[in-house]
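Novice: Handing you this structure, nothing more for now.
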There are 2 protein chains.
Amino acid sequence: MKDRFLRACRREPVDVTPVWFMRQAGRYMAEYRKVREKHSLLEICKTPELSLEVTLQPLRLGVDAAILFADILLPLEPMGAPFEFAKGEGPVIHEPIRDAAGIERLRVIDPAHEGLGYVLDSVRLIRKELDGRLPLIGFAGGPFTLASYLVEGGRSSHFDKTKRLMYGEPAAWNELMAKLSEVVRRYLVQQIEAGAQAVQLFDSWVGSLSVDDYREFVMPHVARILSDLATRGVPVIHFGTDTGALLGAMREAGGTVLGVDWRTPLDEAWDKVGAGVAVQGNLDPTVLFAPWDFIARSAKRVLDRAAGRPGHVFNLGHGILPETPVDNVARLVDFVYQPTVRA
Amino acid sequence: MKDRFLRACRREPVDVTPVWFMRQAGRYMAEYRKVREKHSLLEICKTPELSLEVTLQPLRLGVDAAILFADILLPLEPMGAPFEFAKGEGPVIHEPIRDAAGIERLRVIDPAHEGLGYVLDSVRLIRKELDGRLPLIGFAGGPFTLASYLVEGGRSSHFDKTKRLMYGEPAAWNELMAKLSEVVRRYLVQQIEAGAQAVQLFDSWVGSLSVDDYREFVMPHVARILSDLATRGVPVIHFGTDTGALLGAMREAGGTVLGVDWRTPLDEAWDKVGAGVAVQGNLDPTVLFAPWDFIARSAKRVLDRAAGRPGHVFNLGHGILPETPVDNVARLVDFVYQPTVRA
């Protein structure tokens, strides 16, 4: 198996820096758009054969890992909060949850047997199809990020409804976080049991919090998930954005690999969290819209900042944007693999 | 004059920590909403008597400074890029600027005599009306933030069009930034000449950039503005959000006071920029939606982190949100003033 991704996660020596991309299967690829002409995003997620097809599409770019094609919001539906993806608006939760009664009604499901069996079927199918060639990454949303969608009803600029609940009804908030965290924990454990060789916790919006609020309202829940996962034998990537001030607390919460967005220089981030953890990142996704020379210069800076330390997984600081030129992505993979060209 | 705001900006001793709020005149106040029933945002900005009325409204809360009521986008119209505020969508630039030809057509105006005389009339009128009771803060948008609105055509999540121009056509980008910066510089100098006793540069979206990109594409322009302003004898507040990793570079760019959003603990931010500069912030604006005890606890933490160092101006990490309970704002002002209650 092409195992340098897993080796880097464990801070073992690698021949070259491994690379994969968040949202590496997505609208920037013509073959993905073709599937989307016939199927909705949720249809793809819920049909293992389609999830498999789409998961495999970006592998032609030469990346070091496949990541399950799914959506972080999938657990919300069986928990009792159905949603849809409205055109151009992102997810819309039909009945946002804003009080203790709504939280009370949320079900702590057993994902495998209560509504998310299709995801685990996809994991098994993809793992079988990969046949040991490449490792498969599973994933779930972090509890704060999931809670923010549940409470806001969709995307948000200020997360004010979420924070209002958090500050104003801490008991209800902790109940909500406990329910989400337990589902996320079970879901990731089941993905690992189904064959995922690493998992990523996408706590994408956690960087909207002050460090104090993170420590008080989020970290205990995330730590519970991550301490369980630490016993499961696979690397766990702990990811957020806007986390310049949060990285230390996120490191304390756990994870084998810390995801770092593009705002913090990789060496500065690494100094902050210590050499005992691997790091993933951290090119600005918009750099992929630039002329090649600029992309190469920016990627080289990321690689140079990680030079000499084992445990760097090259990635963007967040997901690939929909209009990204696919050729730039392919060329970037080659670039990451060619240290002599870089030197 | 109640001068503790100006004294804190200069890191001189003060009796209690001074406090004001970004967007302290705005929709959260009933008296502002009443003015808005009859007048659009732009009408208020363009009518000195209305700007005066609205600027004075929050002074009943007991804050230590008045801030000119205006909008950072006002200079765009006379520069040749008219816009409107669309209901619920924020600003819409009628013809976004995305290429060298569009940048070429932008006019480097003399604000006082070419389209922004009404702002300077407002400054003079407010200053006269304040009659030495409170200092008046003037302001302008930072060049990156203004450029992002011009290029994106409005608000943006990813600033991808802005960054595409920046990366792909650096000469055109620098021309755009040079034009915006020269207008901003003249505009702030004229506000000072008209009576502003401090000015704030709102480079609100600059935290979307990596430190490398900030240093290469933004900092030289901001530094040019700030080094001129440093000779004008009034404090200059240099503000951005999401700046956890950028604070050091922003400090190098200049300013008497650095604005710090709520993501970075104030003491950590101050350690990063050094004791030679004042800091402003840094309560999360959403905390004002919380029960009073939580607000007090959070505000106390901000104050405690600044304790023993001269040069703290209490503020939120960004503007007051529209639905904020006004009573919480008033009570917070009292709280900041009562160190014995806090101790």
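Chain identifiers are assigned as A, B, and so on, following the order in which chains appear in the structure tokens; residues are numbered from 1 within each chain, and ligands are numbered from 1 in order of appearance.
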Listing only residues of stretch 200-275 of chain B within 12 Å of stretch 18-24 of chain B, what is the closest atom pair and its distance in Å (to one decimal) for each, using only C-alpha atoms, sorted by chain and residue number ascending, as CSV?
Specialist:
```
residue,atom,partner,partner_atom,distance
B:Gln200,CA,B:Met22,CA,10.0
B:Leu201,CA,B:Met22,CA,11.8
B:Phe202,CA,B:Met22,CA,10.0
B:Ser204,CA,B:Met22,CA,11.5
B:Ile237,CA,B:Met22,CA,11.7
B:Phe239,CA,B:Met22,CA,10.5
B:Gly240,CA,B:Met22,CA,11.9
B:Gly259,CA,B:Met22,CA,10.6
B:Asp261,CA,B:Met22,CA,11.4
```
Novice: Write out as a compact mmCIF listing (two decimals) with N, CA, C and O atoms, in the first residue's frame each polymer residue whose atoms come within 8 Å of A:Val222, counting only C-alpha atoms; drop sequence neighbours fewer than 2 positions from it.
Specialist:
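Below you can see out_8.txt, which holds the result:
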```txt
# COMPACT_ATOMS: atom_id res chain seq x y z
N GLY A 142 -17.48 17.97 13.79
CA GLY A 142 -17.29 18.17 15.22
C GLY A 142 -18.59 18.62 15.87
O GLY A 142 -19.47 19.16 15.19
N PRO A 143 -18.72 18.38 17.16
CA PRO A 143 -20.00 18.68 17.81
C PRO A 143 -20.39 20.17 17.78
O PRO A 143 -21.55 20.49 17.58
N SER A 181 -21.96 14.55 20.46
CA SER A 181 -20.63 13.95 20.62
C SER A 181 -20.73 12.42 20.70
O SER A 181 -19.88 11.72 20.15
N VAL A 218 -16.91 23.55 24.71
CA VAL A 218 -16.69 22.65 23.58
C VAL A 218 -15.64 21.59 23.89
O VAL A 218 -15.84 20.39 23.66
N MET A 219 -14.53 22.02 24.41
CA MET A 219 -13.38 21.13 24.59
C MET A 219 -13.70 19.84 25.36
O MET A 219 -13.24 18.77 24.95
N PRO A 220 -14.45 19.89 26.46
CA PRO A 220 -14.70 18.64 27.17
C PRO A 220 -15.39 17.60 26.29
O PRO A 220 -15.11 16.40 26.39
N ARG A 224 -13.74 14.05 24.88
CA ARG A 224 -14.33 12.73 25.12
C ARG A 224 -14.33 11.89 23.83
O ARG A 224 -14.00 10.72 23.86
N ILE A 225 -14.66 12.52 22.72
CA ILE A 225 -14.62 11.81 21.44
C ILE A 225 -13.19 11.37 21.13
O ILE A 225 -12.93 10.21 20.80
N LEU A 226 -12.27 12.31 21.25
CA LEU A 226 -10.90 12.04 20.79
C LEU A 226 -10.17 11.06 21.72
O LEU A 226 -9.32 10.30 21.24
N ALA A 253 -7.19 18.93 23.52
CA ALA A 253 -8.41 18.14 23.35
C ALA A 253 -8.10 16.78 22.72
O ALA A 253 -8.80 15.81 22.98
N GLY A 254 -7.05 16.73 21.89
CA GLY A 254 -6.65 15.44 21.35
C GLY A 254 -6.49 15.41 19.84
O GLY A 254 -6.73 16.40 19.15
```
Novice: Write out as a list in words each polymer residue whose atoms come within 12 Å of A:Ser40, counting only C-alpha atoms; drop sequence neighbours fewer than 4 positions from it.
Specialist: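 Contacts, with the query itself left out: Tyr32, Arg33, Lys34, Val35, Arg36, Ile44, Cys45, Lys46, Thr47, Leu50, Ser51, Glu84, Phe85, Ala86 and Lys87 of chain A.
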Novice: How about saving the chosen residues, all heavy atoms kept, as a compact mmCIF listing (two decimals), in the first residue's frame?
Specialist:
```
# COMPACT_ATOMS: atom_id res chain seq x y z
N TYR A 32 -17.25 14.72 -11.56
CA TYR A 32 -18.18 14.86 -10.43
C TYR A 32 -19.43 15.62 -10.87
O TYR A 32 -20.55 15.22 -10.57
CB TYR A 32 -17.50 15.60 -9.27
CG TYR A 32 -18.46 15.89 -8.13
CD1 TYR A 32 -18.75 14.92 -7.17
CD2 TYR A 32 -19.11 17.12 -8.03
CE1 TYR A 32 -19.64 15.18 -6.14
CE2 TYR A 32 -20.00 17.40 -7.00
CZ TYR A 32 -20.27 16.42 -6.06
OH TYR A 32 -21.16 16.67 -5.05
N ARG A 33 -19.22 16.70 -11.60
CA ARG A 33 -20.38 17.48 -12.07
C ARG A 33 -21.30 16.62 -12.92
O ARG A 33 -22.52 16.76 -12.87
CB ARG A 33 -19.91 18.71 -12.86
CG ARG A 33 -19.17 19.73 -12.01
CD ARG A 33 -19.02 21.07 -12.73
NE ARG A 33 -18.25 20.98 -13.96
CZ ARG A 33 -16.91 21.11 -14.03
NH1 ARG A 33 -16.20 21.31 -12.93
NH2 ARG A 33 -16.30 21.03 -15.20
N LYS A 34 -20.70 15.70 -13.66
CA LYS A 34 -21.50 14.80 -14.49
C LYS A 34 -22.40 13.91 -13.63
O LYS A 34 -23.58 13.72 -13.93
CB LYS A 34 -20.56 13.94 -15.35
CG LYS A 34 -21.23 13.47 -16.62
CD LYS A 34 -20.24 12.93 -17.63
CE LYS A 34 -21.00 12.18 -18.71
NZ LYS A 34 -20.12 11.41 -19.59
N VAL A 35 -21.86 13.37 -12.55
CA VAL A 35 -22.67 12.56 -11.64
C VAL A 35 -23.78 13.42 -11.02
O VAL A 35 -24.93 12.99 -10.89
CB VAL A 35 -21.79 11.93 -10.53
CG1 VAL A 35 -22.64 11.15 -9.53
CG2 VAL A 35 -20.74 11.01 -11.14
N ARG A 36 -23.42 14.69 -10.70
CA ARG A 36 -24.39 15.58 -10.07
C ARG A 36 -25.51 16.00 -11.01
O ARG A 36 -26.57 16.44 -10.57
CB ARG A 36 -23.68 16.82 -9.51
CG ARG A 36 -23.00 16.61 -8.16
CD ARG A 36 -23.96 16.20 -7.07
NE ARG A 36 -25.09 17.09 -6.95
CZ ARG A 36 -25.07 18.24 -6.29
NH1 ARG A 36 -24.00 18.62 -5.65
NH2 ARG A 36 -26.15 19.02 -6.26
N ILE A 44 -26.18 10.87 -3.77
CA ILE A 44 -24.82 10.31 -3.88
C ILE A 44 -24.37 9.76 -2.53
O ILE A 44 -23.87 8.64 -2.43
CB ILE A 44 -23.82 11.35 -4.41
CG1 ILE A 44 -24.24 11.84 -5.80
CG2 ILE A 44 -22.40 10.77 -4.45
CD1 ILE A 44 -23.39 12.98 -6.34
N CYS A 45 -24.60 10.57 -1.48
CA CYS A 45 -24.19 10.13 -0.14
C CYS A 45 -24.88 8.84 0.27
O CYS A 45 -24.30 7.99 0.94
CB CYS A 45 -24.51 11.21 0.90
SG CYS A 45 -23.54 12.72 0.72
N LYS A 46 -26.14 8.69 -0.13
CA LYS A 46 -26.96 7.57 0.35
C LYS A 46 -26.89 6.33 -0.52
O LYS A 46 -27.52 5.32 -0.21
CB LYS A 46 -28.41 8.04 0.50
CG LYS A 46 -28.59 9.05 1.62
CD LYS A 46 -30.05 9.44 1.82
CE LYS A 46 -30.16 10.38 3.01
NZ LYS A 46 -31.56 10.68 3.35
N THR A 47 -26.15 6.42 -1.62
CA THR A 47 -26.04 5.28 -2.53
C THR A 47 -24.58 4.84 -2.56
O THR A 47 -23.75 5.50 -3.18
CB THR A 47 -26.49 5.69 -3.95
OG1 THR A 47 -27.74 6.36 -3.86
CG2 THR A 47 -26.60 4.47 -4.85
N LEU A 50 -22.62 5.07 -5.77
CA LEU A 50 -22.32 6.43 -6.22
C LEU A 50 -21.25 7.07 -5.33
O LEU A 50 -20.35 7.76 -5.82
CB LEU A 50 -23.59 7.29 -6.21
CG LEU A 50 -24.65 6.92 -7.25
CD1 LEU A 50 -25.92 7.76 -7.04
CD2 LEU A 50 -24.11 7.14 -8.66
N SER A 51 -21.37 6.84 -4.03
CA SER A 51 -20.35 7.38 -3.12
C SER A 51 -18.98 6.81 -3.50
O SER A 51 -17.98 7.54 -3.53
CB SER A 51 -20.71 7.03 -1.68
OG SER A 51 -19.65 7.39 -0.81
N GLU A 84 -32.18 19.83 4.01
CA GLU A 84 -31.95 19.69 2.57
C GLU A 84 -30.86 20.66 2.15
O GLU A 84 -30.53 21.59 2.89
CB GLU A 84 -33.23 19.96 1.79
CG GLU A 84 -33.69 21.40 1.91
CD GLU A 84 -35.00 21.66 1.18
OE1 GLU A 84 -35.11 21.24 0.01
OE2 GLU A 84 -35.90 22.27 1.79
N PHE A 85 -30.32 20.43 0.96
CA PHE A 85 -29.37 21.39 0.41
C PHE A 85 -30.12 22.27 -0.57
O PHE A 85 -30.50 21.81 -1.65
CB PHE A 85 -28.20 20.67 -0.26
CG PHE A 85 -27.29 20.02 0.73
CD1 PHE A 85 -27.39 18.66 1.00
CD2 PHE A 85 -26.35 20.77 1.41
CE1 PHE A 85 -26.56 18.06 1.94
CE2 PHE A 85 -25.51 20.17 2.35
CZ PHE A 85 -25.62 18.82 2.60
N ALA A 86 -30.37 23.50 -0.17
CA ALA A 86 -31.09 24.42 -1.04
C ALA A 86 -30.11 25.01 -2.05
O ALA A 86 -28.96 25.30 -1.72
CB ALA A 86 -31.73 25.52 -0.21
N LYS A 87 -30.59 25.17 -3.27
CA LYS A 87 -29.72 25.63 -4.35
C LYS A 87 -29.06 26.97 -4.01
O LYS A 87 -29.73 27.96 -3.75
CB LYS A 87 -30.53 25.75 -5.64
CG LYS A 87 -29.65 25.51 -6.87
CD LYS A 87 -30.45 25.09 -8.09
CE LYS A 87 -29.48 24.89 -9.26
NZ LYS A 87 -29.06 23.50 -9.42
```
Novice: Which polymer residues have any atom within 7 Å of an atom of stretch 290-292 of chain B, counting only C-alpha atoms, with same-chain residues fewer than 5 positions away left out, as a list in words?
Specialist: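 Residues near the query, excluding close chain neighbours: Arg164, Tyr167 and Gly168 of chain A.
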Novice: Just all heavy atoms for this one: save the residues we selected as an mmCIF file, in the first residue's frame.
Specialist:
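Output (selection-v7.cif):
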```
data_model
loop_
_atom_site.group_PDB
_atom_site.id
_atom_site.type_symbol
_atom_site.label_atom_id
_atom_site.label_comp_id
_atom_site.auth_asym_id
_atom_site.auth_seq_id
_atom_site.Cartn_x
_atom_site.Cartn_y
_atom_site.Cartn_z
ATOM 1 N N ARG A 164 -25.917 32.233 21.790
ATOM 2 C CA ARG A 164 -26.950 32.631 22.731
ATOM 3 C C ARG A 164 -27.403 31.419 23.558
ATOM 4 O O ARG A 164 -27.551 31.504 24.771
ATOM 5 C CB ARG A 164 -28.137 33.209 21.951
ATOM 6 C CG ARG A 164 -28.802 34.356 22.628
ATOM 7 C CD ARG A 164 -29.944 34.920 21.812
ATOM 8 N NE ARG A 164 -29.495 35.537 20.553
ATOM 9 C CZ ARG A 164 -30.255 36.398 19.859
ATOM 10 N NH1 ARG A 164 -31.462 36.719 20.288
ATOM 11 N NH2 ARG A 164 -29.800 36.912 18.738
ATOM 12 N N TYR A 167 -24.385 30.394 25.933
ATOM 13 C CA TYR A 167 -24.189 31.279 27.081
ATOM 14 C C TYR A 167 -25.403 31.254 28.011
ATOM 15 O O TYR A 167 -25.265 31.322 29.227
ATOM 16 C CB TYR A 167 -24.002 32.732 26.633
ATOM 17 C CG TYR A 167 -22.824 33.007 25.730
ATOM 18 C CD1 TYR A 167 -22.931 33.954 24.709
ATOM 19 C CD2 TYR A 167 -21.605 32.354 25.903
ATOM 20 C CE1 TYR A 167 -21.860 34.257 23.886
ATOM 21 C CE2 TYR A 167 -20.530 32.646 25.076
ATOM 22 C CZ TYR A 167 -20.665 33.598 24.065
ATOM 23 O OH TYR A 167 -19.612 33.896 23.256
ATOM 24 N N GLY A 168 -26.591 31.209 27.400
ATOM 25 C CA GLY A 168 -27.798 31.452 28.183
ATOM 26 C C GLY A 168 -28.380 30.203 28.821
ATOM 27 O O GLY A 168 -29.045 30.277 29.850
#
```
Novice: Please, which residues of chain A lie no more than 9 Å from chain B when the count uses only C-alpha atoms, and can they be set out as number ranges by chain?
Specialist: A: 158-161, 163-168, 207-212, 242-246, 262-265, 268, 283-291, 294-295, 298, 321
Novice: Once you have the residues from the selection above, write them out as a PDB file, in the first residue's frame, restricted to C-alpha atoms.
Specialist:
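Output file part01.pdb is given in full below:
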```
ATOM      1  CA  HIS A 158     -21.910  35.351  13.573  1.00  0.00           C
ATOM      2  CA  PHE A 159     -23.188  32.113  15.170  1.00  0.00           C
ATOM      3  CA  ASP A 160     -25.229  34.377  17.423  1.00  0.00           C
ATOM      4  CA  LYS A 161     -28.139  31.964  17.955  1.00  0.00           C
ATOM      5  CA  LYS A 163     -23.752  31.278  21.213  1.00  0.00           C
ATOM      6  CA  ARG A 164     -26.950  32.631  22.731  1.00  0.00           C
ATOM      7  CA  LEU A 165     -27.976  29.070  23.604  1.00  0.00           C
ATOM      8  CA  MET A 166     -24.474  28.239  24.809  1.00  0.00           C
ATOM      9  CA  TYR A 167     -24.189  31.279  27.081  1.00  0.00           C
ATOM     10  CA  GLY A 168     -27.798  31.452  28.183  1.00  0.00           C
ATOM     11  CA  GLY A 207     -12.601  29.131  15.331  1.00  0.00           C
ATOM     12  CA  SER A 208     -15.544  31.488  15.819  1.00  0.00           C
ATOM     13  CA  LEU A 209     -15.120  30.979  19.576  1.00  0.00           C
ATOM     14  CA  SER A 210     -12.852  32.696  22.055  1.00  0.00           C
ATOM     15  CA  VAL A 211     -10.375  30.355  23.712  1.00  0.00           C
ATOM     16  CA  ASP A 212     -12.258  30.685  27.015  1.00  0.00           C
ATOM     17  CA  ASP A 242      -9.698  30.360  12.154  1.00  0.00           C
ATOM     18  CA  THR A 243      -7.880  28.540  14.922  1.00  0.00           C
ATOM     19  CA  GLY A 244      -4.806  30.754  15.241  1.00  0.00           C
ATOM     20  CA  ALA A 245      -5.473  31.259  18.951  1.00  0.00           C
ATOM     21  CA  LEU A 246      -7.157  27.877  19.542  1.00  0.00           C
ATOM     22  CA  TRP A 262      -3.728  28.988   5.932  1.00  0.00           C
ATOM     23  CA  ARG A 263      -3.851  31.908   8.340  1.00  0.00           C
ATOM     24  CA  THR A 264      -1.136  30.608  10.663  1.00  0.00           C
ATOM     25  CA  PRO A 265       2.292  29.817   9.187  1.00  0.00           C
ATOM     26  CA  GLU A 268       4.451  28.831  13.970  1.00  0.00           C
ATOM     27  CA  LEU A 283      -2.110  26.233   1.671  1.00  0.00           C
ATOM     28  CA  ASP A 284      -4.875  28.824   1.149  1.00  0.00           C
ATOM     29  CA  PRO A 285      -7.457  27.109  -1.141  1.00  0.00           C
ATOM     30  CA  THR A 286      -7.711  30.277  -3.228  1.00  0.00           C
ATOM     31  CA  VAL A 287      -4.022  29.984  -4.131  1.00  0.00           C
ATOM     32  CA  LEU A 288      -5.116  27.254  -6.572  1.00  0.00           C
ATOM     33  CA  PHE A 289      -6.688  30.012  -8.691  1.00  0.00           C
ATOM     34  CA  ALA A 290      -3.276  31.670  -9.104  1.00  0.00           C
ATOM     35  CA  PRO A 291      -0.785  31.323 -11.963  1.00  0.00           C
ATOM     36  CA  PHE A 294       2.618  31.618  -7.494  1.00  0.00           C
ATOM     37  CA  ILE A 295       1.121  28.258  -6.527  1.00  0.00           C
ATOM     38  CA  SER A 298       3.306  29.274  -1.923  1.00  0.00           C
ATOM     39  CA  LEU A 321     -13.341  25.575  -3.880  1.00  0.00           C
TER      40      LEU A 321
END
```
Novice: Skip B:Arg309 itself and residues of its chain fewer than 2 positions away, then list as number ranges by chain all residues within 10 Å of it, counting only C-alpha atoms.
Specialist: B: 11-13, 267, 270, 275, 278, 305-307, 311-312
Novice: Mind listing the strand (DSSP E) residues of stretch 157-250 of chain B, per DSSP on the backbone, as an NGL selection string?
Specialist: :B and (198-202 or 236-239)
Novice: Give me a file of those residues, with all heavy atoms, as a PDB file, in the first residue's frame.
Specialist:
```pdb
ATOM      1  N   ALA B 198      -9.072  61.201  16.957  1.00  0.00           N
ATOM      2  CA  ALA B 198      -8.450  59.889  16.774  1.00  0.00           C
ATOM      3  C   ALA B 198      -9.064  59.332  15.501  1.00  0.00           C
ATOM      4  O   ALA B 198     -10.146  59.771  15.092  1.00  0.00           O
ATOM      5  CB  ALA B 198      -8.744  58.963  17.954  1.00  0.00           C
ATOM      6  N   VAL B 199      -8.392  58.390  14.862  1.00  0.00           N
ATOM      7  CA  VAL B 199      -9.008  57.738  13.697  1.00  0.00           C
ATOM      8  C   VAL B 199      -8.770  56.234  13.783  1.00  0.00           C
ATOM      9  O   VAL B 199      -7.771  55.774  14.355  1.00  0.00           O
ATOM     10  CB  VAL B 199      -8.456  58.267  12.342  1.00  0.00           C
ATOM     11  CG1 VAL B 199      -8.905  59.693  12.087  1.00  0.00           C
ATOM     12  CG2 VAL B 199      -6.945  58.142  12.262  1.00  0.00           C
ATOM     13  N   GLN B 200      -9.719  55.487  13.234  1.00  0.00           N
ATOM     14  CA  GLN B 200      -9.562  54.030  13.190  1.00  0.00           C
ATOM     15  C   GLN B 200      -9.552  53.569  11.737  1.00  0.00           C
ATOM     16  O   GLN B 200     -10.415  53.952  10.942  1.00  0.00           O
ATOM     17  CB  GLN B 200     -10.694  53.336  13.954  1.00  0.00           C
ATOM     18  CG  GLN B 200     -10.611  51.797  13.838  1.00  0.00           C
ATOM     19  CD  GLN B 200     -11.305  51.069  14.974  1.00  0.00           C
ATOM     20  OE1 GLN B 200     -11.336  51.534  16.109  1.00  0.00           O
ATOM     21  NE2 GLN B 200     -11.849  49.893  14.673  1.00  0.00           N
ATOM     22  N   LEU B 201      -8.575  52.736  11.404  1.00  0.00           N
ATOM     23  CA  LEU B 201      -8.527  52.100  10.087  1.00  0.00           C
ATOM     24  C   LEU B 201      -9.164  50.719  10.226  1.00  0.00           C
ATOM     25  O   LEU B 201      -8.619  49.838  10.901  1.00  0.00           O
ATOM     26  CB  LEU B 201      -7.069  51.980   9.623  1.00  0.00           C
ATOM     27  CG  LEU B 201      -6.878  51.506   8.173  1.00  0.00           C
ATOM     28  CD1 LEU B 201      -7.322  52.591   7.185  1.00  0.00           C
ATOM     29  CD2 LEU B 201      -5.428  51.132   7.903  1.00  0.00           C
ATOM     30  N   PHE B 202     -10.345  50.554   9.609  1.00  0.00           N
ATOM     31  CA  PHE B 202     -11.071  49.286   9.680  1.00  0.00           C
ATOM     32  C   PHE B 202     -10.607  48.378   8.541  1.00  0.00           C
ATOM     33  O   PHE B 202     -11.204  48.390   7.460  1.00  0.00           O
ATOM     34  CB  PHE B 202     -12.580  49.513   9.526  1.00  0.00           C
ATOM     35  CG  PHE B 202     -13.287  49.985  10.767  1.00  0.00           C
ATOM     36  CD1 PHE B 202     -13.353  51.338  11.073  1.00  0.00           C
ATOM     37  CD2 PHE B 202     -13.909  49.089  11.618  1.00  0.00           C
ATOM     38  CE1 PHE B 202     -14.025  51.786  12.217  1.00  0.00           C
ATOM     39  CE2 PHE B 202     -14.583  49.528  12.759  1.00  0.00           C
ATOM     40  CZ  PHE B 202     -14.642  50.879  13.065  1.00  0.00           C
ATOM     41  N   VAL B 236      -4.033  56.543  16.250  1.00  0.00           N
ATOM     42  CA  VAL B 236      -4.558  55.799  15.106  1.00  0.00           C
ATOM     43  C   VAL B 236      -4.780  54.348  15.539  1.00  0.00           C
ATOM     44  O   VAL B 236      -3.841  53.678  15.967  1.00  0.00           O
ATOM     45  CB  VAL B 236      -3.567  55.836  13.925  1.00  0.00           C
ATOM     46  CG1 VAL B 236      -4.122  55.056  12.738  1.00  0.00           C
ATOM     47  CG2 VAL B 236      -3.259  57.272  13.531  1.00  0.00           C
ATOM     48  N   ILE B 237      -6.028  53.888  15.437  1.00  0.00           N
ATOM     49  CA  ILE B 237      -6.364  52.511  15.808  1.00  0.00           C
ATOM     50  C   ILE B 237      -6.333  51.655  14.546  1.00  0.00           C
ATOM     51  O   ILE B 237      -6.996  51.970  13.557  1.00  0.00           O
ATOM     52  CB  ILE B 237      -7.768  52.451  16.456  1.00  0.00           C
ATOM     53  CG1 ILE B 237      -7.870  53.446  17.616  1.00  0.00           C
ATOM     54  CG2 ILE B 237      -8.082  51.030  16.918  1.00  0.00           C
ATOM     55  CD1 ILE B 237      -9.307  53.739  18.050  1.00  0.00           C
ATOM     56  N   HIS B 238      -5.565  50.593  14.599  1.00  0.00           N
ATOM     57  CA  HIS B 238      -5.403  49.712  13.434  1.00  0.00           C
ATOM     58  C   HIS B 238      -6.152  48.419  13.748  1.00  0.00           C
ATOM     59  O   HIS B 238      -5.738  47.639  14.589  1.00  0.00           O
ATOM     60  CB  HIS B 238      -3.903  49.464  13.230  1.00  0.00           C
ATOM     61  CG  HIS B 238      -3.572  48.683  12.002  1.00  0.00           C
ATOM     62  ND1 HIS B 238      -2.303  48.207  11.756  1.00  0.00           N
ATOM     63  CD2 HIS B 238      -4.328  48.285  10.951  1.00  0.00           C
ATOM     64  CE1 HIS B 238      -2.301  47.551  10.619  1.00  0.00           C
ATOM     65  NE2 HIS B 238      -3.507  47.571  10.113  1.00  0.00           N
ATOM     66  N   PHE B 239      -7.244  48.208  13.024  1.00  0.00           N
ATOM     67  CA  PHE B 239      -8.183  47.145  13.396  1.00  0.00           C
ATOM     68  C   PHE B 239      -8.390  46.114  12.286  1.00  0.00           C
ATOM     69  O   PHE B 239      -8.477  46.455  11.104  1.00  0.00           O
ATOM     70  CB  PHE B 239      -9.545  47.781  13.735  1.00  0.00           C
ATOM     71  CG  PHE B 239     -10.645  46.777  13.910  1.00  0.00           C
ATOM     72  CD1 PHE B 239     -10.766  46.059  15.090  1.00  0.00           C
ATOM     73  CD2 PHE B 239     -11.554  46.515  12.876  1.00  0.00           C
ATOM     74  CE1 PHE B 239     -11.766  45.107  15.245  1.00  0.00           C
ATOM     75  CE2 PHE B 239     -12.559  45.569  13.023  1.00  0.00           C
ATOM     76  CZ  PHE B 239     -12.663  44.861  14.211  1.00  0.00           C
TER      77      PHE B 239
END
```
Novice: Rounded to one decimal place, report the atom CA of A:Trp205-atom CA of A:His221 distance in Å.
Specialist: 15.2 Å
Novice: Could you list, with a cut-off of 8 Å and counting only C-alpha atoms, the residues of stretch 178-291 of chain B near stretch 96-111 of chain B, each shown with its nearest atom pair and the distance in Å rounded to one decimal, rows sorted by chain and ascending number, as JSON lines?
Specialist:
```
{"residue": "B:Lys179", "atom": "CA", "partner": "B:Val108", "partner_atom": "CA", "distance": 5.8}
{"residue": "B:Leu180", "atom": "CA", "partner": "B:Val108", "partner_atom": "CA", "distance": 7.5}
{"residue": "B:Glu182", "atom": "CA", "partner": "B:Val108", "partner_atom": "CA", "distance": 7.1}
{"residue": "B:Val183", "atom": "CA", "partner": "B:Val108", "partner_atom": "CA", "distance": 6.0}
{"residue": "B:Arg186", "atom": "CA", "partner": "B:Pro111", "partner_atom": "CA", "distance": 6.9}
{"residue": "B:Tyr187", "atom": "CA", "partner": "B:Pro111", "partner_atom": "CA", "distance": 5.6}
{"residue": "B:Gln190", "atom": "CA", "partner": "B:Pro111", "partner_atom": "CA", "distance": 7.8}
```
Novice: Just want the 9 Å neighbourhood of B:Ala25, counted on only C-alpha atoms, with same-chain residues fewer than 3 positions away dropped. Output as a PyMOL selection string.
Specialist: chain B and resi 21-22+28-29+32+54-59+67+69+320
Novice: Within 8 Å of A:Phe217, counting only C-alpha atoms, which residues show up once you throw out same-chain ones fewer than 6 positions away? Write them as a PyMOL selection string, please.
Specialist: chain A and resi 166+170+173-174
Novice: Smallest atom-to-atom distance to A:Tyr118: which of A:Asp131, A:Asp228, A:Glu252, A:Glu49, using only C-alpha atoms?
Specialist: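 Of the candidates, the smallest distance to A:Tyr118 is held by A:Glu49.
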Novice: DSSP on the backbone: which residues in stretch 222-259 of chain A end up as helix (DSSP H, G or I)? Give the answer as number ranges by chain.
Specialist: A: 222-229, 247-253
Novice: Distance atom CA of A:Arg232-atom CA of A:Gln197, one decimal place?
Specialist: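 It comes out at 10.1 Å.
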